[in-house]
file model_18.txt (compact mmCIF, N, CA and C atoms)
# COMPACT_ATOMS: atom_id res chain seq x y z
N MET A 28 116.08 270.43 135.35
CA MET A 28 117.51 270.63 135.23
C MET A 28 118.18 269.28 135.05
N SER A 29 119.03 269.18 134.04
CA SER A 29 119.74 267.93 133.83
C SER A 29 121.17 268.07 134.33
N THR A 30 121.73 266.96 134.76
CA THR A 30 123.12 266.97 135.19
C THR A 30 123.93 266.15 134.21
N LEU A 31 125.16 266.58 134.01
CA LEU A 31 126.05 265.86 133.12
C LEU A 31 126.99 265.00 133.95
N THR A 32 127.17 263.77 133.53
CA THR A 32 128.05 262.86 134.23
C THR A 32 129.35 262.76 133.47
N GLU A 33 130.44 262.88 134.20
CA GLU A 33 131.75 262.76 133.56
C GLU A 33 131.90 261.34 133.02
N PRO A 34 132.37 261.21 131.78
CA PRO A 34 132.49 259.88 131.18
C PRO A 34 133.61 259.07 131.83
N ALA A 35 133.45 257.78 131.81
CA ALA A 35 134.49 256.87 132.31
C ALA A 35 135.68 256.88 131.36
N ILE A 36 136.84 256.59 131.89
CA ILE A 36 138.05 256.53 131.06
C ILE A 36 137.88 255.53 129.93
N SER A 37 137.22 254.42 130.20
CA SER A 37 137.00 253.41 129.16
C SER A 37 136.15 253.97 128.01
N GLU A 38 135.18 254.83 128.33
CA GLU A 38 134.35 255.45 127.29
C GLU A 38 135.17 256.41 126.44
N ILE A 39 136.04 257.16 127.08
CA ILE A 39 136.88 258.11 126.36
C ILE A 39 137.84 257.35 125.44
N ALA A 40 138.46 256.31 125.97
CA ALA A 40 139.39 255.50 125.17
C ALA A 40 138.69 254.86 123.98
N GLU A 41 137.48 254.36 124.22
CA GLU A 41 136.70 253.76 123.13
C GLU A 41 136.39 254.79 122.05
N LEU A 42 136.03 256.00 122.46
CA LEU A 42 135.75 257.07 121.50
C LEU A 42 136.99 257.41 120.68
N LEU A 43 138.15 257.48 121.33
CA LEU A 43 139.40 257.77 120.62
C LEU A 43 139.71 256.69 119.59
N ASP A 44 139.51 255.42 119.96
CA ASP A 44 139.73 254.33 119.00
C ASP A 44 138.76 254.40 117.82
N LYS A 45 137.50 254.72 118.11
CA LYS A 45 136.52 254.85 117.03
C LYS A 45 136.88 256.02 116.11
N ALA A 46 137.37 257.10 116.68
CA ALA A 46 137.78 258.25 115.87
C ALA A 46 138.96 257.88 114.97
N ALA A 47 139.88 257.07 115.48
CA ALA A 47 140.99 256.60 114.64
C ALA A 47 140.46 255.77 113.48
N ASP A 48 139.46 254.94 113.75
CA ASP A 48 138.83 254.15 112.69
C ASP A 48 138.18 255.06 111.64
N VAL A 49 137.57 256.15 112.09
CA VAL A 49 136.96 257.11 111.16
C VAL A 49 138.02 257.67 110.23
N ILE A 50 139.17 258.06 110.77
CA ILE A 50 140.24 258.59 109.92
C ILE A 50 140.75 257.52 108.98
N ASP A 51 140.89 256.28 109.47
CA ASP A 51 141.32 255.18 108.60
C ASP A 51 140.36 254.99 107.44
N THR A 52 139.07 255.12 107.70
CA THR A 52 138.04 254.90 106.68
C THR A 52 137.86 256.11 105.76
N ASN A 53 137.70 257.29 106.36
CA ASN A 53 137.36 258.49 105.60
C ASN A 53 138.57 259.23 105.05
N GLY A 54 139.67 259.16 105.76
CA GLY A 54 140.85 259.95 105.43
C GLY A 54 140.92 261.19 106.32
N HIS A 55 142.04 261.84 106.25
CA HIS A 55 142.35 262.98 107.12
C HIS A 55 142.38 264.25 106.29
N CYS A 56 141.94 265.35 106.88
CA CYS A 56 142.04 266.65 106.21
C CYS A 56 142.58 267.68 107.18
N LYS A 57 142.94 268.80 106.65
CA LYS A 57 143.47 269.90 107.43
C LYS A 57 142.57 271.12 107.26
N ARG A 58 142.67 272.04 108.18
CA ARG A 58 142.07 273.36 108.13
C ARG A 58 140.59 273.45 108.46
N TYR A 59 139.89 272.30 108.60
CA TYR A 59 138.48 272.37 108.96
C TYR A 59 138.05 271.00 109.49
N LEU A 60 136.90 270.94 110.11
CA LEU A 60 136.39 269.70 110.68
C LEU A 60 136.23 268.59 109.64
N TYR A 61 135.85 268.99 108.42
CA TYR A 61 135.66 268.01 107.34
C TYR A 61 136.04 268.67 106.02
N ASP A 62 136.21 267.85 105.00
CA ASP A 62 136.59 268.33 103.67
C ASP A 62 135.36 268.95 103.00
N THR A 63 135.33 270.26 102.96
CA THR A 63 134.18 270.97 102.42
C THR A 63 134.02 270.75 100.92
N LYS A 64 135.11 270.51 100.20
CA LYS A 64 135.00 270.24 98.76
C LYS A 64 134.32 268.90 98.52
N GLN A 65 134.66 267.91 99.34
CA GLN A 65 133.97 266.62 99.23
C GLN A 65 132.48 266.79 99.50
N ALA A 66 132.17 267.52 100.56
CA ALA A 66 130.77 267.73 100.92
C ALA A 66 130.03 268.46 99.81
N ALA A 67 130.67 269.47 99.22
CA ALA A 67 130.04 270.22 98.13
C ALA A 67 129.82 269.33 96.91
N GLY A 68 130.65 268.30 96.77
CA GLY A 68 130.51 267.36 95.67
C GLY A 68 129.47 266.28 95.92
N GLY A 69 128.83 266.30 97.08
CA GLY A 69 127.75 265.36 97.34
C GLY A 69 128.05 264.28 98.37
N THR A 70 129.28 264.21 98.87
CA THR A 70 129.60 263.23 99.89
C THR A 70 128.90 263.63 101.19
N LYS A 71 128.24 262.68 101.82
CA LYS A 71 127.61 262.97 103.11
C LYS A 71 128.70 263.34 104.11
N LEU A 72 128.38 264.24 105.04
CA LEU A 72 129.37 264.71 105.99
C LEU A 72 130.05 263.57 106.74
N ALA A 73 129.31 262.55 107.11
CA ALA A 73 129.87 261.43 107.85
C ALA A 73 130.87 260.62 107.03
N GLY A 74 130.90 260.84 105.72
CA GLY A 74 131.82 260.12 104.84
C GLY A 74 132.98 260.95 104.34
N CYS A 75 133.02 262.22 104.70
CA CYS A 75 134.09 263.12 104.25
C CYS A 75 135.37 262.90 105.03
N ARG A 76 136.49 263.28 104.42
CA ARG A 76 137.76 263.33 105.15
C ARG A 76 137.57 264.31 106.30
N VAL A 77 138.22 264.03 107.42
CA VAL A 77 138.02 264.83 108.63
C VAL A 77 139.34 265.13 109.32
N ASP A 78 139.31 266.20 110.13
CA ASP A 78 140.43 266.43 111.02
C ASP A 78 140.18 265.63 112.30
N ILE A 79 141.07 265.74 113.25
CA ILE A 79 140.95 264.94 114.47
C ILE A 79 139.65 265.24 115.22
N ILE A 80 139.30 266.50 115.34
CA ILE A 80 138.09 266.85 116.07
C ILE A 80 136.85 266.39 115.30
N GLY A 81 136.85 266.51 113.98
CA GLY A 81 135.75 266.00 113.17
C GLY A 81 135.58 264.50 113.34
N ALA A 82 136.72 263.78 113.43
CA ALA A 82 136.67 262.33 113.64
C ALA A 82 136.07 262.00 115.00
N LEU A 83 136.46 262.76 116.03
CA LEU A 83 135.87 262.54 117.36
C LEU A 83 134.37 262.76 117.33
N ASN A 84 133.93 263.80 116.63
CA ASN A 84 132.50 264.09 116.56
C ASN A 84 131.74 263.01 115.80
N ILE A 85 132.29 262.52 114.69
CA ILE A 85 131.63 261.42 113.97
C ILE A 85 131.53 260.20 114.87
N ALA A 86 132.62 259.89 115.56
CA ALA A 86 132.61 258.72 116.45
C ALA A 86 131.58 258.88 117.57
N ALA A 87 131.38 260.11 118.02
CA ALA A 87 130.45 260.35 119.12
C ALA A 87 129.00 260.41 118.69
N HIS A 88 128.74 261.09 117.54
CA HIS A 88 127.33 261.30 117.19
C HIS A 88 127.03 261.32 115.70
N GLY A 89 127.97 260.84 114.87
CA GLY A 89 127.66 260.61 113.47
C GLY A 89 127.84 261.76 112.51
N THR A 90 128.29 262.91 112.97
CA THR A 90 128.54 264.04 112.09
C THR A 90 129.80 264.75 112.57
N PRO A 91 130.60 265.31 111.66
CA PRO A 91 131.85 265.93 112.09
C PRO A 91 131.70 267.26 112.82
N VAL A 92 130.53 267.83 112.79
CA VAL A 92 130.33 269.12 113.45
C VAL A 92 129.81 268.89 114.87
N TYR A 93 130.09 269.85 115.73
CA TYR A 93 129.58 269.77 117.10
C TYR A 93 128.05 269.87 117.06
N THR A 94 127.38 268.99 117.79
CA THR A 94 125.92 269.03 117.82
C THR A 94 125.39 269.40 119.20
N GLY A 95 126.25 269.62 120.10
CA GLY A 95 125.84 269.94 121.46
C GLY A 95 126.95 269.56 122.41
N ARG A 96 126.64 269.57 123.62
CA ARG A 96 127.65 269.30 124.63
C ARG A 96 127.78 267.80 124.84
N ASP A 97 128.94 267.27 124.50
CA ASP A 97 129.24 265.86 124.71
C ASP A 97 130.53 265.79 125.51
N LEU A 98 130.43 265.40 126.75
CA LEU A 98 131.61 265.38 127.61
C LEU A 98 132.65 264.36 127.16
N ARG A 99 132.24 263.34 126.41
CA ARG A 99 133.23 262.38 125.90
C ARG A 99 134.16 263.06 124.91
N VAL A 100 133.61 263.88 124.02
CA VAL A 100 134.43 264.59 123.04
C VAL A 100 135.36 265.55 123.77
N TRP A 101 134.83 266.29 124.71
CA TRP A 101 135.64 267.24 125.46
C TRP A 101 136.77 266.53 126.20
N ALA A 102 136.46 265.42 126.87
CA ALA A 102 137.46 264.68 127.61
C ALA A 102 138.52 264.09 126.69
N ALA A 103 138.10 263.61 125.52
CA ALA A 103 139.06 263.08 124.54
C ALA A 103 139.98 264.19 124.05
N GLU A 104 139.42 265.36 123.80
CA GLU A 104 140.24 266.50 123.38
C GLU A 104 141.26 266.84 124.46
N GLN A 105 140.85 266.83 125.72
CA GLN A 105 141.79 267.14 126.81
C GLN A 105 142.90 266.09 126.90
N ALA A 106 142.56 264.83 126.69
CA ALA A 106 143.57 263.76 126.72
C ALA A 106 144.58 263.93 125.58
N ILE A 107 144.08 264.32 124.40
CA ILE A 107 144.98 264.56 123.26
C ILE A 107 145.89 265.74 123.57
N LEU A 108 145.32 266.81 124.08
CA LEU A 108 146.11 268.00 124.40
C LEU A 108 147.23 267.69 125.39
N ALA A 109 147.01 266.76 126.28
CA ALA A 109 148.03 266.38 127.25
C ALA A 109 149.20 265.65 126.60
N ARG A 110 149.00 265.12 125.39
CA ARG A 110 150.04 264.34 124.70
C ARG A 110 150.81 265.13 123.65
N ILE A 111 150.32 266.27 123.25
CA ILE A 111 150.96 267.00 122.16
C ILE A 111 151.64 268.27 122.68
N PRO A 112 152.66 268.74 121.97
CA PRO A 112 153.37 269.94 122.45
C PRO A 112 152.69 271.25 122.07
N GLU A 113 151.63 271.22 121.31
CA GLU A 113 150.94 272.43 120.88
C GLU A 113 149.84 272.80 121.88
N ALA A 114 149.42 274.05 121.83
CA ALA A 114 148.37 274.54 122.72
C ALA A 114 146.97 274.21 122.21
N ALA A 115 146.86 273.76 120.95
CA ALA A 115 145.56 273.45 120.36
C ALA A 115 145.69 272.24 119.44
N ILE A 116 144.67 271.43 119.43
CA ILE A 116 144.66 270.25 118.56
C ILE A 116 144.77 270.67 117.10
N VAL A 117 144.09 271.73 116.72
CA VAL A 117 144.11 272.18 115.33
C VAL A 117 145.53 272.52 114.88
N THR A 118 146.35 273.05 115.76
CA THR A 118 147.73 273.37 115.41
C THR A 118 148.49 272.09 115.08
N TRP A 119 148.32 271.06 115.90
CA TRP A 119 148.96 269.77 115.62
C TRP A 119 148.39 269.19 114.32
N ASN A 120 147.07 269.18 114.20
CA ASN A 120 146.39 268.60 113.04
C ASN A 120 146.89 269.20 111.73
N ASP A 121 147.05 270.51 111.71
CA ASP A 121 147.37 271.20 110.47
C ASP A 121 148.87 271.28 110.17
N ALA A 122 149.70 270.80 111.08
CA ALA A 122 151.15 270.87 110.88
C ALA A 122 151.59 269.96 109.73
N ARG A 123 152.59 270.41 109.03
CA ARG A 123 153.17 269.62 107.94
C ARG A 123 153.65 268.28 108.50
N GLY A 124 153.40 267.23 107.75
CA GLY A 124 153.83 265.90 108.15
C GLY A 124 152.82 265.12 108.98
N HIS A 125 151.71 265.73 109.32
CA HIS A 125 150.68 265.03 110.08
C HIS A 125 149.53 264.70 109.14
N GLY A 126 149.47 263.46 108.72
CA GLY A 126 148.43 262.99 107.81
C GLY A 126 147.63 261.87 108.42
N ASN A 127 147.07 261.02 107.56
CA ASN A 127 146.21 259.91 108.01
C ASN A 127 146.88 259.07 109.09
N ARG A 128 148.04 258.57 108.77
CA ARG A 128 148.72 257.63 109.68
C ARG A 128 149.03 258.27 111.03
N GLU A 129 149.56 259.49 110.99
CA GLU A 129 149.94 260.17 112.24
C GLU A 129 148.72 260.53 113.09
N ALA A 130 147.65 260.97 112.44
CA ALA A 130 146.43 261.34 113.17
C ALA A 130 145.81 260.11 113.83
N ALA A 131 145.68 259.02 113.08
CA ALA A 131 145.12 257.79 113.65
C ALA A 131 146.00 257.26 114.77
N LYS A 132 147.32 257.36 114.59
CA LYS A 132 148.24 256.91 115.64
C LYS A 132 148.09 257.74 116.90
N LEU A 133 147.99 259.06 116.77
CA LEU A 133 147.81 259.91 117.94
C LEU A 133 146.55 259.52 118.70
N LEU A 134 145.47 259.29 117.98
CA LEU A 134 144.22 258.89 118.62
C LEU A 134 144.36 257.55 119.33
N ARG A 135 144.95 256.56 118.66
CA ARG A 135 145.10 255.23 119.28
C ARG A 135 146.08 255.25 120.44
N ASP A 136 147.18 256.00 120.29
CA ASP A 136 148.15 256.10 121.38
C ASP A 136 147.53 256.78 122.60
N THR A 137 146.70 257.78 122.37
CA THR A 137 146.03 258.46 123.47
C THR A 137 145.08 257.50 124.17
N ALA A 138 144.34 256.71 123.40
CA ALA A 138 143.44 255.70 123.99
C ALA A 138 144.24 254.70 124.82
N ALA A 139 145.34 254.23 124.28
CA ALA A 139 146.17 253.25 124.99
C ALA A 139 146.72 253.85 126.29
N SER A 140 147.12 255.11 126.25
CA SER A 140 147.66 255.73 127.46
C SER A 140 146.58 255.86 128.54
N LEU A 141 145.35 256.14 128.13
CA LEU A 141 144.25 256.22 129.10
C LEU A 141 144.00 254.85 129.76
N ARG A 142 144.17 253.81 128.97
CA ARG A 142 143.95 252.46 129.50
C ARG A 142 145.15 251.95 130.29
N GLY A 143 146.24 252.70 130.25
CA GLY A 143 147.46 252.28 130.94
C GLY A 143 148.26 251.25 130.19
N GLU A 144 148.03 251.19 128.86
CA GLU A 144 148.73 250.19 128.04
C GLU A 144 150.08 250.68 127.56
N GLU A 145 150.37 251.96 127.76
CA GLU A 145 151.65 252.50 127.28
C GLU A 145 152.66 252.54 128.38
call {"tool": "encode", "arguments": {"input": "model_18.txt", "output": "structure tokens"}}
result
Amino acid sequence: MSTLTEPAISEIAELLDKAADVIDTNGHCKRYLYDTKQAAGGTKLAGCRVDIIGALNIAAHGTPVYTGRDLRVWAAEQAILARIPEAAIVTWNDARGHGNREAAKLLRDTAASLRGEE
């Protein structure tokens, strides 16, 4: 039997910053973890445009899809949910006016708030 250890706040903040870097590099998409048209065109999943959760997954384990239980991703999602007025990250992600800049900013601002920099 394995036990899962809750990640340190510094680990969660680092993951959020890395996810912001993923969006800066790959771009942001709506409606799914990654841009399926890009993937169908031959772009590797790790290089496709991603939504916020896809970016967290790439930052955590190199692919935008969930690969198993990663408490860092879960904790980062909970930290984001505490900052947004929506009940789900996907609702915020897919809202009009939320693109690359806004998604990366949300991730970095969440990381900063965890570190107590805000």
call {"tool": "residues_around", "arguments": {"input": "model_18.txt", "residues": "region 95-100 of chain A", "least_positions_apart": "5", "cutoff": "8 Å", "atoms": "only C-alpha atoms", "output": "list in words"}}
result
Leu31, Thr32, Glu33, Pro34, Glu38, Ile39, Leu42, Leu83, Asn84 and Ala87 of chain A
call {"tool": "residues_around", "arguments": {"input": "model_18.txt", "residues": "Ala139 (chain A)", "least_positions_apart": "6", "cutoff": "8 Å", "atoms": "only N, CA and C atoms", "output": "mmCIF file with N, CA and C atoms, keeping the file's coordinate frame"}}
result
data_model
loop_
_atom_site.group_PDB
_atom_site.id
_atom_site.type_symbol
_atom_site.label_atom_id
_atom_site.label_comp_id
_atom_site.auth_asym_id
_atom_site.auth_seq_id
_atom_site.Cartn_x
_atom_site.Cartn_y
_atom_site.Cartn_z
ATOM 1 N N ALA A 40 138.460 256.310 125.970
ATOM 2 C CA ALA A 40 139.390 255.500 125.170
ATOM 3 C C ALA A 40 138.690 254.860 123.980
ATOM 4 N N GLU A 41 137.480 254.360 124.220
ATOM 5 C CA GLU A 41 136.700 253.760 123.130
ATOM 6 C C GLU A 41 136.390 254.790 122.050
ATOM 7 N N LEU A 43 138.150 257.480 121.330
ATOM 8 C CA LEU A 43 139.400 257.770 120.620
ATOM 9 C C LEU A 43 139.710 256.690 119.590
ATOM 10 N N ASP A 44 139.510 255.420 119.960
ATOM 11 C CA ASP A 44 139.730 254.330 119.000
ATOM 12 C C ASP A 44 138.760 254.400 117.820
ATOM 13 N N LEU A 133 147.990 259.060 116.770
ATOM 14 C CA LEU A 133 147.810 259.910 117.940
ATOM 15 C C LEU A 133 146.550 259.520 118.700
ATOM 16 N N GLU A 145 150.370 251.960 127.760
ATOM 17 C CA GLU A 145 151.650 252.500 127.280
ATOM 18 C C GLU A 145 152.660 252.540 128.380
#
call {"tool": "closest_residue", "arguments": {"input": "model_18.txt", "among": "A:Lys71, A:Ile80, A:Pro91, A:Asp136", "to": "Ala115 (chain A)", "atoms": "only C-alpha atoms"}}
result
A:Ile80
call {"tool": "atom_distance", "arguments": {"input": "model_18.txt", "atom1": "atom C of Leu108 (chain A)", "atom2": "atom N of Ile85 (chain A)"}}
result
19.1 Å
call {"tool": "residues_around", "arguments": {"input": "model_18.txt", "residues": "region 55-63 of chain A", "least_positions_apart": "3", "cutoff": "7 Å", "atoms": "all atoms listed in the file", "output": "PDB file with N, CA and C atoms, in the frame of the given file"}}
result
ATOM      1  N   ILE A  50     139.170 258.060 110.770  1.00  0.00           N
ATOM      2  CA  ILE A  50     140.240 258.590 109.920  1.00  0.00           C
ATOM      3  C   ILE A  50     140.750 257.520 108.980  1.00  0.00           C
ATOM      4  N   ASP A  51     140.890 256.280 109.470  1.00  0.00           N
ATOM      5  CA  ASP A  51     141.320 255.180 108.600  1.00  0.00           C
ATOM      6  C   ASP A  51     140.360 254.990 107.440  1.00  0.00           C
ATOM      7  N   ALA A  66     132.170 267.520 100.560  1.00  0.00           N
ATOM      8  CA  ALA A  66     130.770 267.730 100.920  1.00  0.00           C
ATOM      9  C   ALA A  66     130.030 268.460  99.810  1.00  0.00           C
ATOM     10  N   ALA A  67     130.670 269.470  99.220  1.00  0.00           N
ATOM     11  CA  ALA A  67     130.040 270.220  98.130  1.00  0.00           C
ATOM     12  C   ALA A  67     129.820 269.330  96.910  1.00  0.00           C
ATOM     13  N   GLY A  68     130.650 268.300  96.770  1.00  0.00           N
ATOM     14  CA  GLY A  68     130.510 267.360  95.670  1.00  0.00           C
ATOM     15  C   GLY A  68     129.470 266.280  95.920  1.00  0.00           C
ATOM     16  N   CYS A  75     133.020 262.220 104.700  1.00  0.00           N
ATOM     17  CA  CYS A  75     134.090 263.120 104.250  1.00  0.00           C
ATOM     18  C   CYS A  75     135.370 262.900 105.030  1.00  0.00           C
ATOM     19  N   ARG A  76     136.490 263.280 104.420  1.00  0.00           N
ATOM     20  CA  ARG A  76     137.760 263.330 105.150  1.00  0.00           C
ATOM     21  C   ARG A  76     137.570 264.310 106.300  1.00  0.00           C
ATOM     22  N   VAL A  77     138.220 264.030 107.420  1.00  0.00           N
ATOM     23  CA  VAL A  77     138.020 264.830 108.630  1.00  0.00           C
ATOM     24  C   VAL A  77     139.340 265.130 109.320  1.00  0.00           C
ATOM     25  N   ASP A  78     139.310 266.200 110.130  1.00  0.00           N
ATOM     26  CA  ASP A  78     140.430 266.430 111.020  1.00  0.00           C
ATOM     27  C   ASP A  78     140.180 265.630 112.300  1.00  0.00           C
ATOM     28  N   ILE A  79     141.070 265.740 113.250  1.00  0.00           N
ATOM     29  CA  ILE A  79     140.950 264.940 114.470  1.00  0.00           C
ATOM     30  C   ILE A  79     139.650 265.240 115.220  1.00  0.00           C
ATOM     31  N   ILE A  80     139.300 266.500 115.340  1.00  0.00           N
ATOM     32  CA  ILE A  80     138.090 266.850 116.070  1.00  0.00           C
ATOM     33  C   ILE A  80     136.850 266.390 115.300  1.00  0.00           C
ATOM     34  N   GLY A  81     136.850 266.510 113.980  1.00  0.00           N
ATOM     35  CA  GLY A  81     135.750 266.000 113.170  1.00  0.00           C
ATOM     36  C   GLY A  81     135.580 264.500 113.340  1.00  0.00           C
ATOM     37  N   ALA A  82     136.720 263.780 113.430  1.00  0.00           N
ATOM     38  CA  ALA A  82     136.670 262.330 113.640  1.00  0.00           C
ATOM     39  C   ALA A  82     136.070 262.000 115.000  1.00  0.00           C
ATOM     40  N   PRO A  91     130.600 265.310 111.660  1.00  0.00           N
ATOM     41  CA  PRO A  91     131.850 265.930 112.090  1.00  0.00           C
ATOM     42  C   PRO A  91     131.700 267.260 112.820  1.00  0.00           C
ATOM     43  N   VAL A  92     130.530 267.830 112.790  1.00  0.00           N
ATOM     44  CA  VAL A  92     130.330 269.120 113.450  1.00  0.00           C
ATOM     45  C   VAL A  92     129.810 268.890 114.870  1.00  0.00           C
ATOM     46  N   ASN A 120     147.070 269.180 114.200  1.00  0.00           N
ATOM     47  CA  ASN A 120     146.390 268.600 113.040  1.00  0.00           C
ATOM     48  C   ASN A 120     146.890 269.200 111.730  1.00  0.00           C
ATOM     49  N   ASP A 121     147.050 270.510 111.710  1.00  0.00           N
ATOM     50  CA  ASP A 121     147.370 271.200 110.470  1.00  0.00           C
ATOM     51  C   ASP A 121     148.870 271.280 110.170  1.00  0.00           C
ATOM     52  N   GLY A 126     149.470 263.460 108.720  1.00  0.00           N
ATOM     53  CA  GLY A 126     148.430 262.990 107.810  1.00  0.00           C
ATOM     54  C   GLY A 126     147.630 261.870 108.420  1.00  0.00           C
ATOM     55  N   ASN A 127     147.070 261.020 107.560  1.00  0.00           N
ATOM     56  CA  ASN A 127     146.210 259.910 108.010  1.00  0.00           C
ATOM     57  C   ASN A 127     146.880 259.070 109.090  1.00  0.00           C
TER      58      ASN A 127
END
call {"tool": "atom_distance", "arguments": {"input": "model_18.txt", "atom1": "CA of Ala138 (chain A)", "atom2": "CA of Val49 (chain A)"}}
result
14.4 Å
call {"tool": "select_by_dssp", "arguments": {"input": "model_18.txt", "residues": "chain A", "states": "alpha helix (DSSP H)", "output": "VMD selection string"}}
result
chain A and resid 36 to 53 63 to 67 79 to 88 98 to 110 116 to 121 127 to 142
call {"tool": "atom_distance", "arguments": {"input": "model_18.txt", "atom1": "CA of Gly69 (chain A)", "atom2": "CA of Asn53 (chain A)"}}
result
14.4 Å
call {"tool": "closest_residue", "arguments": {"input": "model_18.txt", "among": "A:Leu141, A:Gly54, A:Lys45, A:Pro112", "to": "Arg128 (chain A)", "atoms": "all atoms listed in the file"}}
result
A:Gly54
call {"tool": "closest_residue", "arguments": {"input": "model_18.txt", "among": "A:Thr137, A:Ala46, A:Ile111, A:Glu129", "to": "Ala86 (chain A)", "atoms": "all atoms listed in the file"}}
result
A:Ala46
call {"tool": "build_atoms", "arguments": {"input": "model_18.txt", "residues": "region 86-93 of chain A", "atoms": "all heavy atoms", "output": "PDB file, in the frame of the given file"}}
result
ATOM      1  N   ALA A  86     132.620 259.890 115.560  1.00  0.00           N
ATOM      2  CA  ALA A  86     132.610 258.720 116.450  1.00  0.00           C
ATOM      3  C   ALA A  86     131.580 258.880 117.570  1.00  0.00           C
ATOM      4  O   ALA A  86     130.964 257.903 117.989  1.00  0.00           O
ATOM      5  CB  ALA A  86     134.003 258.504 117.031  1.00  0.00           C
ATOM      6  N   ALA A  87     131.380 260.110 118.020  1.00  0.00           N
ATOM      7  CA  ALA A  87     130.450 260.350 119.120  1.00  0.00           C
ATOM      8  C   ALA A  87     129.000 260.410 118.690  1.00  0.00           C
ATOM      9  O   ALA A  87     128.117 259.881 119.364  1.00  0.00           O
ATOM     10  CB  ALA A  87     130.827 261.650 119.839  1.00  0.00           C
ATOM     11  N   HIS A  88     128.740 261.090 117.540  1.00  0.00           N
ATOM     12  CA  HIS A  88     127.330 261.300 117.190  1.00  0.00           C
ATOM     13  C   HIS A  88     127.030 261.320 115.700  1.00  0.00           C
ATOM     14  O   HIS A  88     125.976 261.776 115.293  1.00  0.00           O
ATOM     15  CB  HIS A  88     126.762 262.554 117.869  1.00  0.00           C
ATOM     16  CG  HIS A  88     127.663 263.742 117.796  1.00  0.00           C
ATOM     17  ND1 HIS A  88     127.892 264.455 116.657  1.00  0.00           N
ATOM     18  CD2 HIS A  88     128.420 264.324 118.752  1.00  0.00           C
ATOM     19  CE1 HIS A  88     128.740 265.429 116.910  1.00  0.00           C
ATOM     20  NE2 HIS A  88     129.091 265.371 118.162  1.00  0.00           N
ATOM     21  N   GLY A  89     127.970 260.840 114.870  1.00  0.00           N
ATOM     22  CA  GLY A  89     127.660 260.610 113.470  1.00  0.00           C
ATOM     23  C   GLY A  89     127.840 261.760 112.510  1.00  0.00           C
ATOM     24  O   GLY A  89     127.578 261.613 111.315  1.00  0.00           O
ATOM     25  N   THR A  90     128.290 262.910 112.970  1.00  0.00           N
ATOM     26  CA  THR A  90     128.540 264.040 112.090  1.00  0.00           C
ATOM     27  C   THR A  90     129.800 264.750 112.570  1.00  0.00           C
ATOM     28  O   THR A  90     130.056 264.783 113.778  1.00  0.00           O
ATOM     29  CB  THR A  90     127.341 265.014 112.029  1.00  0.00           C
ATOM     30  OG1 THR A  90     127.629 266.071 111.115  1.00  0.00           O
ATOM     31  CG2 THR A  90     126.992 265.580 113.382  1.00  0.00           C
ATOM     32  N   PRO A  91     130.600 265.310 111.660  1.00  0.00           N
ATOM     33  CA  PRO A  91     131.850 265.930 112.090  1.00  0.00           C
ATOM     34  C   PRO A  91     131.700 267.260 112.820  1.00  0.00           C
ATOM     35  O   PRO A  91     132.645 267.751 113.425  1.00  0.00           O
ATOM     36  CB  PRO A  91     132.629 266.115 110.784  1.00  0.00           C
ATOM     37  CG  PRO A  91     131.598 266.176 109.727  1.00  0.00           C
ATOM     38  CD  PRO A  91     130.481 265.295 110.202  1.00  0.00           C
ATOM     39  N   VAL A  92     130.530 267.830 112.790  1.00  0.00           N
ATOM     40  CA  VAL A  92     130.330 269.120 113.450  1.00  0.00           C
ATOM     41  C   VAL A  92     129.810 268.890 114.870  1.00  0.00           C
ATOM     42  O   VAL A  92     129.183 267.881 115.167  1.00  0.00           O
ATOM     43  CB  VAL A  92     129.361 270.029 112.655  1.00  0.00           C
ATOM     44  CG1 VAL A  92     129.935 270.368 111.295  1.00  0.00           C
ATOM     45  CG2 VAL A  92     128.009 269.373 112.480  1.00  0.00           C
ATOM     46  N   TYR A  93     130.090 269.850 115.730  1.00  0.00           N
ATOM     47  CA  TYR A  93     129.580 269.770 117.100  1.00  0.00           C
ATOM     48  C   TYR A  93     128.050 269.870 117.060  1.00  0.00           C
ATOM     49  O   TYR A  93     127.507 270.720 116.378  1.00  0.00           O
ATOM     50  CB  TYR A  93     130.135 270.916 117.948  1.00  0.00           C
ATOM     51  CG  TYR A  93     131.602 270.779 118.271  1.00  0.00           C
ATOM     52  CD1 TYR A  93     132.551 271.540 117.611  1.00  0.00           C
ATOM     53  CD2 TYR A  93     132.034 269.898 119.256  1.00  0.00           C
ATOM     54  CE1 TYR A  93     133.901 271.433 117.914  1.00  0.00           C
ATOM     55  CE2 TYR A  93     133.373 269.777 119.570  1.00  0.00           C
ATOM     56  CZ  TYR A  93     134.305 270.552 118.897  1.00  0.00           C
ATOM     57  OH  TYR A  93     135.632 270.434 119.207  1.00  0.00           O
TER      58      TYR A  93
END
